$ cat final37.pdb   # PDB, C-alpha atoms
ATOM      1  CA  MET A   1     -89.044  60.162  -3.010  1.00  0.00           C
ATOM      2  CA  SER A   2     -91.197  60.387   0.074  1.00  0.00           C
ATOM      3  CA  ARG A   3     -90.488  58.524   3.276  1.00  0.00           C
ATOM      4  CA  ALA A   4     -94.005  57.058   3.172  1.00  0.00           C
ATOM      5  CA  MET A   5     -93.302  55.169  -0.068  1.00  0.00           C
ATOM      6  CA  PHE A   6     -90.184  53.440   1.270  1.00  0.00           C
ATOM      7  CA  GLU A   7     -91.493  52.956   4.793  1.00  0.00           C
ATOM      8  CA  THR A   8     -94.510  50.956   3.631  1.00  0.00           C
ATOM      9  CA  VAL A   9     -92.138  48.409   2.092  1.00  0.00           C
ATOM     10  CA  TYR A  10     -89.538  48.491   4.865  1.00  0.00           C
ATOM     11  CA  GLN A  11     -92.167  47.781   7.507  1.00  0.00           C
ATOM     12  CA  GLU A  12     -92.794  44.480   5.755  1.00  0.00           C
ATOM     13  CA  ILE A  13     -89.237  43.375   5.000  1.00  0.00           C
ATOM     14  CA  PHE A  14     -87.258  44.633   8.008  1.00  0.00           C
ATOM     15  CA  PRO A  15     -88.266  42.856  11.249  1.00  0.00           C
ATOM     16  CA  PHE A  16     -86.357  45.473  13.268  1.00  0.00           C
ATOM     17  CA  TRP A  17     -88.179  48.453  11.738  1.00  0.00           C
ATOM     18  CA  GLU A  18     -90.477  49.278  14.666  1.00  0.00           C
ATOM     19  CA  GLU A  19     -87.679  48.677  17.191  1.00  0.00           C
ATOM     20  CA  ILE A  20     -85.288  51.366  15.992  1.00  0.00           C
ATOM     21  CA  ALA A  21     -85.581  55.098  16.646  1.00  0.00           C
ATOM     22  CA  ASP A  22     -87.680  57.242  14.357  1.00  0.00           C
ATOM     23  CA  THR A  23     -84.565  59.247  13.457  1.00  0.00           C
ATOM     24  CA  ASP A  24     -82.916  56.043  12.201  1.00  0.00           C
ATOM     25  CA  ARG A  25     -85.996  55.115  10.178  1.00  0.00           C
ATOM     26  CA  GLU A  26     -85.960  58.595   8.658  1.00  0.00           C
ATOM     27  CA  TYR A  27     -82.233  58.295   7.943  1.00  0.00           C
ATOM     28  CA  ILE A  28     -82.655  54.980   6.099  1.00  0.00           C
ATOM     29  CA  CYS A  29     -85.520  56.354   4.004  1.00  0.00           C
ATOM     30  CA  GLN A  30     -83.595  59.531   3.178  1.00  0.00           C
ATOM     31  CA  ASN A  31     -80.706  57.387   1.969  1.00  0.00           C
ATOM     32  CA  SER A  32     -82.844  55.080  -0.167  1.00  0.00           C
ATOM     33  CA  TYR A  33     -83.627  55.375  -3.842  1.00  0.00           C
ATOM     34  CA  ALA A  34     -85.658  53.525  -6.444  1.00  0.00           C
ATOM     35  CA  VAL A  35     -83.866  52.428  -9.592  1.00  0.00           C
ATOM     36  CA  THR A  36     -84.722  50.399 -12.668  1.00  0.00           C
ATOM     37  CA  TYR A  37     -81.794  48.412 -14.046  1.00  0.00           C
ATOM     38  CA  PRO A  38     -81.957  47.525 -17.760  1.00  0.00           C
ATOM     39  CA  LYS A  39     -81.428  43.912 -18.809  1.00  0.00           C
ATOM     40  CA  GLY A  40     -77.734  43.028 -18.863  1.00  0.00           C
ATOM     41  CA  LYS A  41     -76.682  45.899 -16.599  1.00  0.00           C
ATOM     42  CA  ASN A  42     -73.830  45.172 -14.187  1.00  0.00           C
ATOM     43  CA  ILE A  43     -75.046  46.435 -10.824  1.00  0.00           C
ATOM     44  CA  HIS A  44     -72.126  45.462  -8.604  1.00  0.00           C
ATOM     45  CA  ASP A  45     -68.602  44.517  -9.656  1.00  0.00           C
ATOM     46  CA  GLY A  46     -67.314  43.603  -6.204  1.00  0.00           C
ATOM     47  CA  ASN A  47     -65.119  46.673  -5.794  1.00  0.00           C
ATOM     48  CA  GLU A  48     -67.481  48.964  -3.919  1.00  0.00           C
ATOM     49  CA  CYS A  49     -70.256  49.011  -1.356  1.00  0.00           C
ATOM     50  CA  SER A  50     -73.307  49.244  -3.592  1.00  0.00           C
ATOM     51  CA  GLY A  51     -75.778  49.078  -0.725  1.00  0.00           C
ATOM     52  CA  VAL A  52     -78.600  46.786   0.335  1.00  0.00           C
ATOM     53  CA  ILE A  53     -80.692  45.857  -2.703  1.00  0.00           C
ATOM     54  CA  PHE A  54     -84.364  44.859  -2.523  1.00  0.00           C
ATOM     55  CA  VAL A  55     -85.897  43.456  -5.716  1.00  0.00           C
ATOM     56  CA  ARG A  56     -89.352  44.852  -6.478  1.00  0.00           C
ATOM     57  CA  SER A  57     -89.613  43.174  -9.889  1.00  0.00           C
ATOM     58  CA  GLY A  58     -87.326  41.421 -12.343  1.00  0.00           C
ATOM     59  CA  SER A  59     -84.377  39.150 -11.657  1.00  0.00           C
ATOM     60  CA  LEU A  60     -80.751  39.604 -10.590  1.00  0.00           C
ATOM     61  CA  ARG A  61     -77.900  37.111 -10.868  1.00  0.00           C
ATOM     62  CA  LEU A  62     -75.007  36.845  -8.404  1.00  0.00           C
ATOM     63  CA  SER A  63     -71.837  35.173  -9.588  1.00  0.00           C
ATOM     64  CA  MET A  64     -68.129  34.754  -8.980  1.00  0.00           C
ATOM     65  CA  VAL A  65     -65.431  34.716 -11.655  1.00  0.00           C
ATOM     66  CA  SER A  66     -62.224  32.689 -11.516  1.00  0.00           C
ATOM     67  CA  GLU A  67     -58.825  34.009 -12.597  1.00  0.00           C
ATOM     68  CA  GLU A  68     -59.303  32.038 -15.828  1.00  0.00           C
ATOM     69  CA  GLY A  69     -62.524  33.910 -16.537  1.00  0.00           C
ATOM     70  CA  LYS A  70     -64.973  31.108 -15.750  1.00  0.00           C
ATOM     71  CA  ASP A  71     -68.006  32.303 -13.842  1.00  0.00           C
ATOM     72  CA  ILE A  72     -70.304  30.387 -11.505  1.00  0.00           C
ATOM     73  CA  THR A  73     -73.824  31.437 -10.621  1.00  0.00           C
ATOM     74  CA  LEU A  74     -74.137  31.569  -6.837  1.00  0.00           C
ATOM     75  CA  TYR A  75     -77.854  32.271  -6.795  1.00  0.00           C
ATOM     76  CA  ARG A  76     -80.540  34.418  -8.358  1.00  0.00           C
ATOM     77  CA  LEU A  77     -82.762  37.044  -6.790  1.00  0.00           C
ATOM     78  CA  HIS A  78     -86.384  37.548  -7.775  1.00  0.00           C
ATOM     79  CA  LYS A  79     -89.315  39.688  -6.655  1.00  0.00           C
ATOM     80  CA  GLY A  80     -89.300  40.080  -2.875  1.00  0.00           C
ATOM     81  CA  ASP A  81     -85.665  38.989  -2.419  1.00  0.00           C
ATOM     82  CA  MET A  82     -82.944  41.051  -0.762  1.00  0.00           C
ATOM     83  CA  CYS A  83     -79.201  41.174  -1.314  1.00  0.00           C
ATOM     84  CA  MET A  84     -76.750  41.893   1.512  1.00  0.00           C
ATOM     85  CA  LEU A  85     -73.600  40.692  -0.280  1.00  0.00           C
ATOM     86  CA  SER A  86     -73.615  43.933  -2.295  1.00  0.00           C
ATOM     87  CA  ALA A  87     -73.064  45.866   0.951  1.00  0.00           C
ATOM     88  CA  SER A  88     -69.554  44.937   2.042  1.00  0.00           C
ATOM     89  CA  CYS A  89     -69.408  48.045   4.238  1.00  0.00           C
ATOM     90  CA  VAL A  90     -72.216  46.546   6.339  1.00  0.00           C
ATOM     91  CA  LEU A  91     -70.673  43.085   6.643  1.00  0.00           C
ATOM     92  CA  SER A  92     -66.920  43.438   7.105  1.00  0.00           C
ATOM     93  CA  ALA A  93     -66.558  39.638   7.085  1.00  0.00           C
ATOM     94  CA  ILE A  94     -67.282  39.613   3.339  1.00  0.00           C
ATOM     95  CA  THR A  95     -63.785  39.385   1.869  1.00  0.00           C
ATOM     96  CA  PHE A  96     -64.596  37.955  -1.563  1.00  0.00           C
ATOM     97  CA  ASP A  97     -65.938  39.688  -4.651  1.00  0.00           C
ATOM     98  CA  VAL A  98     -69.337  38.902  -6.139  1.00  0.00           C
ATOM     99  CA  LEU A  99     -70.772  40.256  -9.371  1.00  0.00           C
ATOM    100  CA  ILE A 100     -74.419  41.233  -9.674  1.00  0.00           C
ATOM    101  CA  ASP A 101     -76.110  41.590 -13.055  1.00  0.00           C
ATOM    102  CA  ALA A 102     -79.695  42.264 -14.084  1.00  0.00           C
ATOM    103  CA  GLU A 103     -80.999  39.216 -15.947  1.00  0.00           C
ATOM    104  CA  GLU A 104     -84.008  41.213 -17.069  1.00  0.00           C
ATOM    105  CA  GLU A 105     -85.269  44.732 -16.514  1.00  0.00           C
ATOM    106  CA  SER A 106     -85.432  44.976 -12.735  1.00  0.00           C
ATOM    107  CA  GLU A 107     -87.008  47.546 -10.444  1.00  0.00           C
ATOM    108  CA  CYS A 108     -85.204  47.760  -7.101  1.00  0.00           C
ATOM    109  CA  TYR A 109     -85.028  49.772  -3.918  1.00  0.00           C
ATOM    110  CA  VAL A 110     -81.465  50.399  -2.746  1.00  0.00           C
ATOM    111  CA  VAL A 111     -80.456  51.507   0.754  1.00  0.00           C
ATOM    112  CA  SER A 112     -77.078  53.264   0.897  1.00  0.00           C
ATOM    113  CA  GLY A 113     -74.519  50.868   2.369  1.00  0.00           C
ATOM    114  CA  THR A 114     -72.938  53.555   4.558  1.00  0.00           C
ATOM    115  CA  ALA A 115     -76.341  54.613   5.922  1.00  0.00           C
ATOM    116  CA  PHE A 116     -77.378  51.023   6.662  1.00  0.00           C
ATOM    117  CA  ALA A 117     -73.981  50.366   8.283  1.00  0.00           C
ATOM    118  CA  ALA A 118     -74.311  53.464  10.489  1.00  0.00           C
ATOM    119  CA  VAL A 119     -77.758  52.408  11.696  1.00  0.00           C
ATOM    120  CA  SER A 120     -76.558  48.846  12.318  1.00  0.00           C
ATOM    121  CA  GLU A 121     -73.761  50.141  14.544  1.00  0.00           C
ATOM    122  CA  ARG A 122     -76.342  51.845  16.745  1.00  0.00           C
ATOM    123  CA  ASN A 123     -78.802  48.957  16.689  1.00  0.00           C
ATOM    124  CA  PRO A 124     -77.655  45.354  17.306  1.00  0.00           C
ATOM    125  CA  GLY A 125     -80.947  44.065  15.889  1.00  0.00           C
ATOM    126  CA  VAL A 126     -80.123  45.567  12.514  1.00  0.00           C
ATOM    127  CA  LYS A 127     -76.674  43.945  12.461  1.00  0.00           C
ATOM    128  CA  ILE A 128     -78.149  40.578  13.473  1.00  0.00           C
ATOM    129  CA  PHE A 129     -80.673  40.844  10.641  1.00  0.00           C
ATOM    130  CA  ALA A 130     -77.887  41.614   8.147  1.00  0.00           C
ATOM    131  CA  LEU A 131     -75.828  38.629   9.319  1.00  0.00           C
ATOM    132  CA  GLU A 132     -78.787  36.249   9.293  1.00  0.00           C
ATOM    133  CA  THR A 133     -79.745  37.354   5.785  1.00  0.00           C
ATOM    134  CA  ALA A 134     -76.192  36.806   4.523  1.00  0.00           C
ATOM    135  CA  VAL A 135     -75.880  33.420   6.252  1.00  0.00           C
ATOM    136  CA  GLY A 136     -79.145  32.307   4.659  1.00  0.00           C
ATOM    137  CA  ARG A 137     -77.687  33.036   1.244  1.00  0.00           C
ATOM    138  CA  PHE A 138     -74.471  31.210   2.064  1.00  0.00           C
ATOM    139  CA  SER A 139     -76.634  28.102   2.417  1.00  0.00           C
ATOM    140  CA  ASP A 140     -77.674  28.620  -1.217  1.00  0.00           C
ATOM    141  CA  VAL A 141     -74.025  28.988  -2.206  1.00  0.00           C
ATOM    142  CA  MET A 142     -73.077  25.758  -0.412  1.00  0.00           C
ATOM    143  CA  TRP A 143     -75.921  23.970  -2.208  1.00  0.00           C
ATOM    144  CA  VAL A 144     -74.465  25.130  -5.533  1.00  0.00           C
ATOM    145  CA  MET A 145     -71.000  23.916  -4.530  1.00  0.00           C
ATOM    146  CA  GLN A 146     -72.415  20.564  -3.434  1.00  0.00           C
ATOM    147  CA  GLN A 147     -74.098  20.091  -6.797  1.00  0.00           C
ATOM    148  CA  ILE A 148     -70.978  21.006  -8.774  1.00  0.00           C
ATOM    149  CA  LEU A 149     -68.633  18.844  -6.705  1.00  0.00           C
ATOM    150  CA  PHE A 150     -70.695  15.794  -5.868  1.00  0.00           C
ATOM    151  CA  MET A 151     -73.715  15.398  -8.166  1.00  0.00           C
ATOM    152  CA  SER A 152     -73.943  13.844 -11.618  1.00  0.00           C
ATOM    153  CA  MET A 153     -74.869  16.133 -14.494  1.00  0.00           C
ATOM    154  CA  ASP A 154     -78.235  14.478 -15.171  1.00  0.00           C
ATOM    155  CA  LYS A 155     -79.295  14.979 -11.548  1.00  0.00           C
ATOM    156  CA  ARG A 156     -78.115  18.599 -11.512  1.00  0.00           C
ATOM    157  CA  LEU A 157     -79.979  19.396 -14.721  1.00  0.00           C
ATOM    158  CA  ALA A 158     -83.135  17.656 -13.492  1.00  0.00           C
ATOM    159  CA  ILE A 159     -83.022  19.677 -10.262  1.00  0.00           C
ATOM    160  CA  PHE A 160     -82.535  22.906 -12.205  1.00  0.00           C
ATOM    161  CA  LEU A 161     -85.437  22.211 -14.592  1.00  0.00           C
ATOM    162  CA  ALA A 162     -87.761  21.163 -11.769  1.00  0.00           C
ATOM    163  CA  ASP A 163     -86.885  24.222  -9.663  1.00  0.00           C
ATOM    164  CA  GLU A 164     -87.224  26.645 -12.586  1.00  0.00           C
ATOM    165  CA  SER A 165     -90.555  25.140 -13.639  1.00  0.00           C
ATOM    166  CA  SER A 166     -91.832  25.496 -10.083  1.00  0.00           C
ATOM    167  CA  ARG A 167     -90.570  29.084  -9.824  1.00  0.00           C
ATOM    168  CA  ILE A 168     -92.264  30.281 -13.012  1.00  0.00           C
ATOM    169  CA  ASP A 169     -95.270  27.964 -12.524  1.00  0.00           C
ATOM    170  CA  ALA A 170     -95.073  26.680 -16.098  1.00  0.00           C
ATOM    171  CA  ASP A 171     -93.974  23.529 -17.930  1.00  0.00           C
ATOM    172  CA  THR A 172     -92.066  25.408 -20.646  1.00  0.00           C
ATOM    173  CA  ILE A 173     -88.761  26.995 -19.673  1.00  0.00           C
ATOM    174  CA  THR A 174     -87.738  29.732 -22.093  1.00  0.00           C
ATOM    175  CA  LEU A 175     -84.012  29.731 -21.407  1.00  0.00           C
ATOM    176  CA  THR A 176     -81.270  29.014 -23.913  1.00  0.00           C
ATOM    177  CA  HIS A 177     -78.853  26.143 -23.419  1.00  0.00           C
ATOM    178  CA  GLY A 178     -76.144  28.722 -22.827  1.00  0.00           C
ATOM    179  CA  GLN A 179     -78.121  30.454 -20.090  1.00  0.00           C
ATOM    180  CA  ILE A 180     -78.801  27.154 -18.321  1.00  0.00           C
ATOM    181  CA  ALA A 181     -75.127  26.227 -18.552  1.00  0.00           C
ATOM    182  CA  ARG A 182     -74.183  29.582 -17.081  1.00  0.00           C
ATOM    183  CA  TYR A 183     -76.574  29.159 -14.167  1.00  0.00           C
ATOM    184  CA  MET A 184     -75.270  25.650 -13.514  1.00  0.00           C
ATOM    185  CA  GLY A 185     -71.568  26.435 -13.891  1.00  0.00           C
ATOM    186  CA  SER A 186     -71.227  24.022 -16.810  1.00  0.00           C
ATOM    187  CA  ALA A 187     -70.578  24.140 -20.549  1.00  0.00           C
ATOM    188  CA  ARG A 188     -73.294  24.727 -23.134  1.00  0.00           C
ATOM    189  CA  GLU A 189     -72.286  21.598 -25.039  1.00  0.00           C
ATOM    190  CA  VAL A 190     -72.706  19.464 -21.913  1.00  0.00           C
ATOM    191  CA  VAL A 191     -76.164  20.885 -21.232  1.00  0.00           C
ATOM    192  CA  SER A 192     -77.201  20.376 -24.858  1.00  0.00           C
ATOM    193  CA  ARG A 193     -76.100  16.722 -24.804  1.00  0.00           C
ATOM    194  CA  MET A 194     -77.966  16.071 -21.553  1.00  0.00           C
ATOM    195  CA  LEU A 195     -81.112  17.780 -22.845  1.00  0.00           C
ATOM    196  CA  LYS A 196     -80.920  15.621 -25.958  1.00  0.00           C
ATOM    197  CA  TYR A 197     -80.743  12.548 -23.714  1.00  0.00           C
ATOM    198  CA  PHE A 198     -83.761  13.786 -21.708  1.00  0.00           C
ATOM    199  CA  ALA A 199     -85.624  14.367 -24.972  1.00  0.00           C
ATOM    200  CA  ASN A 200     -84.824  10.872 -26.254  1.00  0.00           C
ATOM    201  CA  GLU A 201     -86.207   9.479 -22.988  1.00  0.00           C
ATOM    202  CA  GLY A 202     -89.419  11.447 -23.469  1.00  0.00           C
ATOM    203  CA  ILE A 203     -88.843  13.588 -20.387  1.00  0.00           C
ATOM    204  CA  VAL A 204     -88.648  16.925 -22.196  1.00  0.00           C
ATOM    205  CA  GLU A 205     -89.257  18.409 -25.609  1.00  0.00           C
ATOM    206  CA  VAL A 206     -86.600  20.808 -26.890  1.00  0.00           C
ATOM    207  CA  SER A 207     -87.533  23.446 -29.475  1.00  0.00           C
ATOM    208  CA  ARG A 208     -86.888  27.066 -30.361  1.00  0.00           C
ATOM    209  CA  LYS A 209     -89.673  28.015 -27.972  1.00  0.00           C
ATOM    210  CA  GLY A 210     -87.778  26.506 -25.056  1.00  0.00           C
ATOM    211  CA  ILE A 211     -87.701  23.319 -23.035  1.00  0.00           C
ATOM    212  CA  LYS A 212     -91.092  21.760 -22.302  1.00  0.00           C
ATOM    213  CA  ILE A 213     -91.308  19.224 -19.492  1.00  0.00           C
ATOM    214  CA  LEU A 214     -93.369  16.261 -20.689  1.00  0.00           C
ATOM    215  CA  ASP A 215     -92.838  13.708 -17.916  1.00  0.00           C
ATOM    216  CA  LYS A 216     -92.670  15.336 -14.491  1.00  0.00           C
ATOM    217  CA  LYS A 217     -92.611  11.991 -12.696  1.00  0.00           C
ATOM    218  CA  SER A 218     -89.489  10.819 -14.496  1.00  0.00           C
ATOM    219  CA  LEU A 219     -87.867  14.208 -13.996  1.00  0.00           C
ATOM    220  CA  ARG A 220     -88.526  14.009 -10.264  1.00  0.00           C
ATOM    221  CA  GLN A 221     -87.035  10.519 -10.172  1.00  0.00           C
ATOM    222  CA  LEU A 222     -83.791  11.899 -11.584  1.00  0.00           C
ATOM    223  CA  THR A 223     -83.571  14.463  -8.767  1.00  0.00           C
ATOM    224  CA  LEU A 224     -83.590  11.779  -6.031  1.00  0.00           C
TER     225      LEU A 224
END

$ encode --input "final37.pdb" --output "structure tokens"
Amino acid sequence: MSRAMFETVYQEIFPFWEEIADTDREYICQNSYAVTYPKGKNIHDGNECSGVIFVRSGSLRLSMVSEEGKDITLYRLHKGDMCMLSASCVLSAITFDVLIDAEEESECYVVSGTAFAAVSERNPGVKIFALETAVGRFSDVMWVMQQILFMSMDKRLAIFLADESSRIDADTITLTHGQIARYMGSAREVVSRMLKYFANEGIVEVSRKGIKILDKKSLRQLTL
């Protein structure tokens, strides 16, 4: 694909773009490709440098899996988000494995990890950007850990429902109990029991269509 197509996007998302040499900009564009991942596709299994991923549409899920096979959602990426944790060759400090899966059909731009790493070695601004992007996501990871370790289940579920409703700008959340449990690092049975409690309190309505928030005020109170 042409340099012009990638460069239009990179000018917006990379603050260092105009500061690096034209040869480096050309190199990054030459080593970029557009890809559409089908729903359920594993994009990164933690064993290779998949590159820097920019989400154009769709949704990706980053997770870690314990030795016992239990997985925890670290965070999710949506339109306009970027993933640096898939490029271990750019950030040598990343010594743990993360899995990345497409939650839905997702169109992405991917910059080769080796190309991005080479440019970052020549340009400190690029390396700083990569580190700052990764550190910003570690804040999301710490928030997940804080919820799992220190928050009650009703508060965690209320926060999840409120955040998801805000993200999709709708009162009805069309996720299964199993999906919610997976995102929260919990068990489906626990989520189902808590949703039943919320329903009995008139906070939500649970049906085959999804989970409809009926009382936003009470839901917000649970998040405090």

$ closest_residue --input "final37.pdb" --among "A:Ile173, A:Leu224, A:Met153, A:Leu60" --to "Met194 of chain A" --atoms "all atoms listed in the file"
A:Met153

$ resolve_selection --input "final37.pdb" --expression "the PyMOL selection byres ((chain A and resi 192) around 10)" --output "list in words"
Thr176, His177, Gly178, Ile180, Ala181, Ala187, Arg188, Glu189, Val190, Val191, Arg193, Met194, Leu195, Lys196, Tyr197, Phe198 and Val206 of chain A

$ atom_distance --input "final37.pdb" --atom1 "atom CA of Gly113 of chain A" --atom2 "atom CA of Leu85 of chain A"
10.6 Å

$ closest_residue --input "final37.pdb" --among "A:Val98, A:Arg220, A:Ser66, A:Arg61" --to "Gln179 of chain A" --atoms "only C-alpha atoms"
A:Arg61

$ residues_near_point --input "final37.pdb" --point "(-78.9, 55.6, 12.0)" --cutoff "6 Å" --atoms "all atoms listed in the file" --output "list in words"
Asp24, Tyr27, Ala118 and Val119 of chain A

$ atom_distance --input "final37.pdb" --atom1 "atom CA of Thr8 of chain A" --atom2 "atom CA of Gly80 of chain A"
13.7 Å

$ resolve_selection --input "final37.pdb" --expression "the PyMOL selection byres ((chain A and resi 26) around 12)" --output "mmCIF file with C-alpha atoms, in the frame of the given file"
data_model
loop_
_atom_site.group_PDB
_atom_site.id
_atom_site.type_symbol
_atom_site.label_atom_id
_atom_site.label_comp_id
_atom_site.auth_asym_id
_atom_site.auth_seq_id
_atom_site.Cartn_x
_atom_site.Cartn_y
_atom_site.Cartn_z
ATOM 1 C CA SER A 2 -91.197 60.387 0.074
ATOM 2 C CA ARG A 3 -90.488 58.524 3.276
ATOM 3 C CA ALA A 4 -94.005 57.058 3.172
ATOM 4 C CA MET A 5 -93.302 55.169 -0.068
ATOM 5 C CA PHE A 6 -90.184 53.440 1.270
ATOM 6 C CA GLU A 7 -91.493 52.956 4.793
ATOM 7 C CA TYR A 10 -89.538 48.491 4.865
ATOM 8 C CA TRP A 17 -88.179 48.453 11.738
ATOM 9 C CA GLU A 18 -90.477 49.278 14.666
ATOM 10 C CA ILE A 20 -85.288 51.366 15.992
ATOM 11 C CA ALA A 21 -85.581 55.098 16.646
ATOM 12 C CA ASP A 22 -87.680 57.242 14.357
ATOM 13 C CA THR A 23 -84.565 59.247 13.457
ATOM 14 C CA ASP A 24 -82.916 56.043 12.201
ATOM 15 C CA ARG A 25 -85.996 55.115 10.178
ATOM 16 C CA TYR A 27 -82.233 58.295 7.943
ATOM 17 C CA ILE A 28 -82.655 54.980 6.099
ATOM 18 C CA CYS A 29 -85.520 56.354 4.004
ATOM 19 C CA GLN A 30 -83.595 59.531 3.178
ATOM 20 C CA ASN A 31 -80.706 57.387 1.969
ATOM 21 C CA SER A 32 -82.844 55.080 -0.167
ATOM 22 C CA VAL A 111 -80.456 51.507 0.754
ATOM 23 C CA ALA A 115 -76.341 54.613 5.922
ATOM 24 C CA PHE A 116 -77.378 51.023 6.662
ATOM 25 C CA VAL A 119 -77.758 52.408 11.696
#

$ resolve_selection --input "final37.pdb" --expression "the PyMOL selection byres ((chain A and resi 218) around 10)" --output "PDB file with C-alpha atoms, in the coordinates of the input"
ATOM      1  CA  ALA A 158     -83.135  17.656 -13.492  1.00  0.00           C
ATOM      2  CA  PHE A 198     -83.761  13.786 -21.708  1.00  0.00           C
ATOM      3  CA  GLU A 201     -86.207   9.479 -22.988  1.00  0.00           C
ATOM      4  CA  GLY A 202     -89.419  11.447 -23.469  1.00  0.00           C
ATOM      5  CA  ILE A 203     -88.843  13.588 -20.387  1.00  0.00           C
ATOM      6  CA  VAL A 204     -88.648  16.925 -22.196  1.00  0.00           C
ATOM      7  CA  ILE A 213     -91.308  19.224 -19.492  1.00  0.00           C
ATOM      8  CA  LEU A 214     -93.369  16.261 -20.689  1.00  0.00           C
ATOM      9  CA  ASP A 215     -92.838  13.708 -17.916  1.00  0.00           C
ATOM     10  CA  LYS A 216     -92.670  15.336 -14.491  1.00  0.00           C
ATOM     11  CA  LYS A 217     -92.611  11.991 -12.696  1.00  0.00           C
ATOM     12  CA  LEU A 219     -87.867  14.208 -13.996  1.00  0.00           C
ATOM     13  CA  ARG A 220     -88.526  14.009 -10.264  1.00  0.00           C
ATOM     14  CA  GLN A 221     -87.035  10.519 -10.172  1.00  0.00           C
ATOM     15  CA  LEU A 222     -83.791  11.899 -11.584  1.00  0.00           C
ATOM     16  CA  THR A 223     -83.571  14.463  -8.767  1.00  0.00           C
TER      17      THR A 223
END

$ closest_residue --input "final37.pdb" --among "A:Ala34, A:Met82, A:Val135, A:Met151" --to "Glu107 of chain A" --atoms "all atoms listed in the file"
A:Ala34

$ residues_around --input "final37.pdb" --residues "segment 40-52 of chain A" --least-positions-apart "6" --cutoff "9 Å" --atoms "all atoms listed in the file" --output "ChimeraX atom specification"
/A:60,82-90,96-105,109-116

$ write_last_selection --input "final37.pdb" --atoms "C-alpha atoms" --output "PDB file, in the coordinates of the input"
ATOM      1  CA  LEU A  60     -80.751  39.604 -10.590  1.00  0.00           C
ATOM      2  CA  MET A  82     -82.944  41.051  -0.762  1.00  0.00           C
ATOM      3  CA  CYS A  83     -79.201  41.174  -1.314  1.00  0.00           C
ATOM      4  CA  MET A  84     -76.750  41.893   1.512  1.00  0.00           C
ATOM      5  CA  LEU A  85     -73.600  40.692  -0.280  1.00  0.00           C
ATOM      6  CA  SER A  86     -73.615  43.933  -2.295  1.00  0.00           C
ATOM      7  CA  ALA A  87     -73.064  45.866   0.951  1.00  0.00           C
ATOM      8  CA  SER A  88     -69.554  44.937   2.042  1.00  0.00           C
ATOM      9  CA  CYS A  89     -69.408  48.045   4.238  1.00  0.00           C
ATOM     10  CA  VAL A  90     -72.216  46.546   6.339  1.00  0.00           C
ATOM     11  CA  PHE A  96     -64.596  37.955  -1.563  1.00  0.00           C
ATOM     12  CA  ASP A  97     -65.938  39.688  -4.651  1.00  0.00           C
ATOM     13  CA  VAL A  98     -69.337  38.902  -6.139  1.00  0.00           C
ATOM     14  CA  LEU A  99     -70.772  40.256  -9.371  1.00  0.00           C
ATOM     15  CA  ILE A 100     -74.419  41.233  -9.674  1.00  0.00           C
ATOM     16  CA  ASP A 101     -76.110  41.590 -13.055  1.00  0.00           C
ATOM     17  CA  ALA A 102     -79.695  42.264 -14.084  1.00  0.00           C
ATOM     18  CA  GLU A 103     -80.999  39.216 -15.947  1.00  0.00           C
ATOM     19  CA  GLU A 104     -84.008  41.213 -17.069  1.00  0.00           C
ATOM     20  CA  GLU A 105     -85.269  44.732 -16.514  1.00  0.00           C
ATOM     21  CA  TYR A 109     -85.028  49.772  -3.918  1.00  0.00           C
ATOM     22  CA  VAL A 110     -81.465  50.399  -2.746  1.00  0.00           C
ATOM     23  CA  VAL A 111     -80.456  51.507   0.754  1.00  0.00           C
ATOM     24  CA  SER A 112     -77.078  53.264   0.897  1.00  0.00           C
ATOM     25  CA  GLY A 113     -74.519  50.868   2.369  1.00  0.00           C
ATOM     26  CA  THR A 114     -72.938  53.555   4.558  1.00  0.00           C
ATOM     27  CA  ALA A 115     -76.341  54.613   5.922  1.00  0.00           C
ATOM     28  CA  PHE A 116     -77.378  51.023   6.662  1.00  0.00           C
TER      29      PHE A 116
END

$ atom_distance --input "final37.pdb" --atom1 "atom CA of Arg137 of chain A" --atom2 "atom CA of Ile72 of chain A"
15.0 Å

$ closest_residue --input "final37.pdb" --among "A:Ala162, A:Val141, A:Val35, A:Leu74" --to "Val55 of chain A" --atoms "all atoms listed in the file"
A:Val35

$ closest_residue --input "final37.pdb" --among "A:Glu121, A:Met184, A:Ser106, A:Ala134" --to "Gln146 of chain A" --atoms "all atoms listed in the file"
A:Met184

$ closest_residue --input "final37.pdb" --among "A:Trp143, A:Ile53, A:Ala117, A:Gly58" --to "Lys39 of chain A" --atoms "only C-alpha atoms"
A:Gly58

$ axis_aligned_box --input "final37.pdb" --around "segment 60-77 of chain A" --padding-each-side "4 Å" --output "JSON"
{"center_x": -70.8, "center_y": 35.0, "center_z": -11.7, "size_x": 31.9, "size_y": 17.2, "size_z": 17.7}

$ build_atoms --input "final37.pdb" --residues "segment 19-23 of chain A" --atoms "N, CA and C atoms" --output "mmCIF file, in the frame of the given file"
data_model
loop_
_atom_site.group_PDB
_atom_site.id
_atom_site.type_symbol
_atom_site.label_atom_id
_atom_site.label_comp_id
_atom_site.auth_asym_id
_atom_site.auth_seq_id
_atom_site.Cartn_x
_atom_site.Cartn_y
_atom_site.Cartn_z
ATOM 1 N N GLU A 19 -88.507 48.694 15.983
ATOM 2 C CA GLU A 19 -87.679 48.677 17.191
ATOM 3 C C GLU A 19 -86.621 49.770 17.199
ATOM 4 N N ILE A 20 -86.331 50.338 16.042
ATOM 5 C CA ILE A 20 -85.288 51.366 15.992
ATOM 6 C C ILE A 20 -85.919 52.751 16.125
ATOM 7 N N ALA A 21 -85.095 53.724 16.439
ATOM 8 C CA ALA A 21 -85.581 55.098 16.646
ATOM 9 C C ALA A 21 -86.146 55.687 15.357
ATOM 10 N N ASP A 22 -87.078 56.602 15.521
ATOM 11 C CA ASP A 22 -87.680 57.242 14.357
ATOM 12 C C ASP A 22 -86.635 57.986 13.538
ATOM 13 N N THR A 23 -85.629 58.538 14.193
ATOM 14 C CA THR A 23 -84.565 59.247 13.457
ATOM 15 C C THR A 23 -83.794 58.283 12.556
#
